[in-house]
Amino acid sequence: MSNKILTVLLIAILSINVGQAADKTKTAGIVGYGKTEWGMSPEKVLAAEPRAVKLESPVSNNDGSLGLIKIKELEIGNDLSARTLKFDATFIFEKSGMKLQRVQLFSENYGTAGGVFFSDFSDIEKLLTVKYGEPAFKAANKITAQSVTWKFPSTNITLQTVVVMQYAFIKISYESAVTTAAAAKDL
């Protein structure tokens, strides 16, 4: 009888370890956002993401990159979250080679950083943690700034609160790990 119990326990432990290894393999393969991959051209991104549209006027960023493609009103949320949230996703390309380097999702404007805002942030953090595992970093101050980061070999994902004057947003950034490393090279 004790051999049977020991065998059942051993099988259960092995099953858990195999499941954890499969999860790590899944997240190690994150090489972009959605159906896109880092380094894709704008044309390939449009082909990979049928909901995406090319912006009539590109958005220039401080680092010289260009927001060229957008998906409007992505709905994020499920049984874990209290409600469905709408985000716009902007696909950002390096200016010189026109290769995808970052995707930023911005929430609707909350107007002020109140209880619903922080509750929604917490719900999204839970959803990302369920999907990608525990984050690598977490930071928060007592007023409004919160940031949570997941790091993988090819991609870094950062969930942040963005509060500027009377505007409050939730931002999710998917960025090539190469781009992140280049930005920090002189630190």
# chains A, B, ... in the order shown; residues from 1 in each chain; ligands from 1
$ residues_around --residues "A:Pro42" --least-positions-apart "6" --cutoff "10 Å" --atoms "only C-alpha atoms" --output "ChimeraX atom specification"
/A:48,54,68-69,91-93,98-100
$ residues_around --residues "A:Phe87" --least-positions-apart "3" --cutoff "6 Å" --atoms "only C-alpha atoms" --output "CSV table (one decimal) with C-alpha atoms, in the first residue's frame"
chain,number,residue,atom,x,y,z
A,73,GLU,CA,-10.3,49.7,-28.9
A,74,LEU,CA,-8.8,46.4,-27.9
A,105,LEU,CA,-1.2,50.0,-25.3
A,106,PHE,CA,-2.9,53.0,-23.7
A,107,SER,CA,-6.2,52.8,-21.8
$ closest_atom_pairs --of "stretch 28-143 of chain A" --to "stretch 158-182 of chain A" --cutoff "8 Å" --atoms "only C-alpha atoms" --output "JSON lines"
{"residue": "A:Val31", "atom": "CA", "partner": "A:Ser176", "partner_atom": "CA", "distance": 7.6}
{"residue": "A:Gly32", "atom": "CA", "partner": "A:Ser176", "partner_atom": "CA", "distance": 7.1}
{"residue": "A:Tyr33", "atom": "CA", "partner": "A:Tyr174", "partner_atom": "CA", "distance": 6.5}
{"residue": "A:Trp38", "atom": "CA", "partner": "A:Ser176", "partner_atom": "CA", "distance": 6.2}
{"residue": "A:Gln101", "atom": "CA", "partner": "A:Ser176", "partner_atom": "CA", "distance": 5.5}
{"residue": "A:Arg102", "atom": "CA", "partner": "A:Glu175", "partner_atom": "CA", "distance": 4.3}
{"residue": "A:Val103", "atom": "CA", "partner": "A:Tyr174", "partner_atom": "CA", "distance": 5.1}
{"residue": "A:Gln104", "atom": "CA", "partner": "A:Ser173", "partner_atom": "CA", "distance": 4.5}
{"residue": "A:Leu105", "atom": "CA", "partner": "A:Ile172", "partner_atom": "CA", "distance": 5.0}
{"residue": "A:Phe106", "atom": "CA", "partner": "A:Lys171", "partner_atom": "CA", "distance": 4.6}
{"residue": "A:Ser107", "atom": "CA", "partner": "A:Ile170", "partner_atom": "CA", "distance": 5.2}
{"residue": "A:Glu108", "atom": "CA", "partner": "A:Phe169", "partner_atom": "CA", "distance": 6.5}
{"residue": "A:Asn109", "atom": "CA", "partner": "A:Phe169", "partner_atom": "CA", "distance": 5.4}
{"residue": "A:Tyr110", "atom": "CA", "partner": "A:Ala168", "partner_atom": "CA", "distance": 5.2}
{"residue": "A:Gly111", "atom": "CA", "partner": "A:Tyr167", "partner_atom": "CA", "distance": 5.0}
{"residue": "A:Thr112", "atom": "CA", "partner": "A:Ala168", "partner_atom": "CA", "distance": 5.5}
{"residue": "A:Ala113", "atom": "CA", "partner": "A:Ala168", "partner_atom": "CA", "distance": 5.6}
{"residue": "A:Phe117", "atom": "CA", "partner": "A:Ala168", "partner_atom": "CA", "distance": 7.9}
{"residue": "A:Phe121", "atom": "CA", "partner": "A:Ile170", "partner_atom": "CA", "distance": 6.8}
{"residue": "A:Glu125", "atom": "CA", "partner": "A:Leu159", "partner_atom": "CA", "distance": 7.2}
$ write_last_selection --atoms "N, CA and C atoms" --output "mmCIF file, in the first residue's frame"
data_model
loop_
_atom_site.group_PDB
_atom_site.id
_atom_site.type_symbol
_atom_site.label_atom_id
_atom_site.label_comp_id
_atom_site.auth_asym_id
_atom_site.auth_seq_id
_atom_site.Cartn_x
_atom_site.Cartn_y
_atom_site.Cartn_z
ATOM 1 N N VAL A 31 8.273 36.731 -28.704
ATOM 2 C CA VAL A 31 9.201 37.457 -29.586
ATOM 3 C C VAL A 31 8.549 38.678 -30.220
ATOM 4 N N GLY A 32 7.484 39.160 -29.616
ATOM 5 C CA GLY A 32 6.777 40.318 -30.143
ATOM 6 C C GLY A 32 5.469 40.478 -29.409
ATOM 7 N N TYR A 33 4.545 41.187 -30.034
ATOM 8 C CA TYR A 33 3.226 41.395 -29.462
ATOM 9 C C TYR A 33 2.197 40.763 -30.383
ATOM 10 N N TRP A 38 9.458 41.090 -33.275
ATOM 11 C CA TRP A 38 10.377 42.222 -33.336
ATOM 12 C C TRP A 38 11.166 42.174 -34.634
ATOM 13 N N GLN A 101 9.950 47.664 -32.996
ATOM 14 C CA GLN A 101 10.750 47.572 -31.771
ATOM 15 C C GLN A 101 9.928 47.641 -30.492
ATOM 16 N N ARG A 102 8.685 48.145 -30.584
ATOM 17 C CA ARG A 102 7.891 48.322 -29.374
ATOM 18 C C ARG A 102 6.409 48.422 -29.744
ATOM 19 N N VAL A 103 5.557 47.963 -28.852
ATOM 20 C CA VAL A 103 4.107 48.144 -28.979
ATOM 21 C C VAL A 103 3.626 48.700 -27.649
ATOM 22 N N GLN A 104 2.878 49.806 -27.717
ATOM 23 C CA GLN A 104 2.352 50.425 -26.505
ATOM 24 C C GLN A 104 0.834 50.419 -26.537
ATOM 25 N N LEU A 105 0.239 49.954 -25.438
ATOM 26 C CA LEU A 105 -1.205 49.964 -25.289
ATOM 27 C C LEU A 105 -1.556 51.024 -24.253
ATOM 28 N N PHE A 106 -2.437 51.957 -24.622
ATOM 29 C CA PHE A 106 -2.903 52.995 -23.703
ATOM 30 C C PHE A 106 -4.389 52.815 -23.464
ATOM 31 N N SER A 107 -4.771 52.920 -22.191
ATOM 32 C CA SER A 107 -6.183 52.799 -21.821
ATOM 33 C C SER A 107 -6.934 54.066 -22.180
ATOM 34 N N GLU A 108 -8.229 53.980 -21.998
ATOM 35 C CA GLU A 108 -9.062 55.173 -22.076
ATOM 36 C C GLU A 108 -8.599 56.145 -20.991
ATOM 37 N N ASN A 109 -8.898 57.414 -21.142
ATOM 38 C CA ASN A 109 -8.548 58.423 -20.146
ATOM 39 C C ASN A 109 -9.500 58.309 -18.969
ATOM 40 N N TYR A 110 -8.960 58.116 -17.770
ATOM 41 C CA TYR A 110 -9.782 58.006 -16.574
ATOM 42 C C TYR A 110 -10.173 59.372 -16.019
ATOM 43 N N GLY A 111 -9.503 60.431 -16.480
ATOM 44 C CA GLY A 111 -9.778 61.759 -15.941
ATOM 45 C C GLY A 111 -8.985 62.018 -14.681
ATOM 46 N N THR A 112 -9.167 61.191 -13.662
ATOM 47 C CA THR A 112 -8.377 61.307 -12.437
ATOM 48 C C THR A 112 -7.953 59.919 -11.995
ATOM 49 N N ALA A 113 -6.902 59.889 -11.211
ATOM 50 C CA ALA A 113 -6.391 58.614 -10.712
ATOM 51 C C ALA A 113 -7.100 58.268 -9.417
ATOM 52 N N PHE A 117 -9.499 53.469 -11.259
ATOM 53 C CA PHE A 117 -8.227 53.462 -11.991
ATOM 54 C C PHE A 117 -7.271 52.439 -11.383
ATOM 55 N N PHE A 121 -5.945 48.763 -12.762
ATOM 56 C CA PHE A 121 -4.517 48.460 -12.846
ATOM 57 C C PHE A 121 -4.232 47.116 -12.182
ATOM 58 N N GLU A 125 -2.787 43.695 -13.871
ATOM 59 C CA GLU A 125 -1.585 43.043 -13.326
ATOM 60 C C GLU A 125 -1.854 41.561 -13.068
#
$ atom_distance --atom1 "atom CA of A:Lys72" --atom2 "atom CA of A:Ser154"
25.4 Å
$ closest_residue --among "A:Ser122, A:Ser147, A:Tyr132, A:Val45" --to "A:Ile30" --atoms "only C-alpha atoms"
A:Tyr132
$ select_by_dssp --residues "stretch 86-185 of chain A" --states "strand (DSSP E)" --output "ChimeraX atom specification"
/A:86-93,100-107,137-140,146-151,155-164,167-176
$ atom_distance --atom1 "atom CA of A:Leu85" --atom2 "atom CA of A:Val59"
23.7 Å
$ closest_residue --among "A:Ile124, A:Ala47, A:Lys131, A:Val116" --to "A:Glu75" --atoms "only C-alpha atoms"
A:Ile124
$ atom_distance --atom1 "atom CA of A:Gly67" --atom2 "atom CA of A:Leu55"
8.0 Å
$ select_by_dssp --residues "stretch 52-136 of chain A" --states "alpha helix (DSSP H)" --output "MDAnalysis selection string"
chainID A and resid 115:132
$ closest_residue --among "A:Lys44, A:Ile71, A:Arg83, A:Thr36" --to "A:Ser119" --atoms "only C-alpha atoms"
A:Arg83
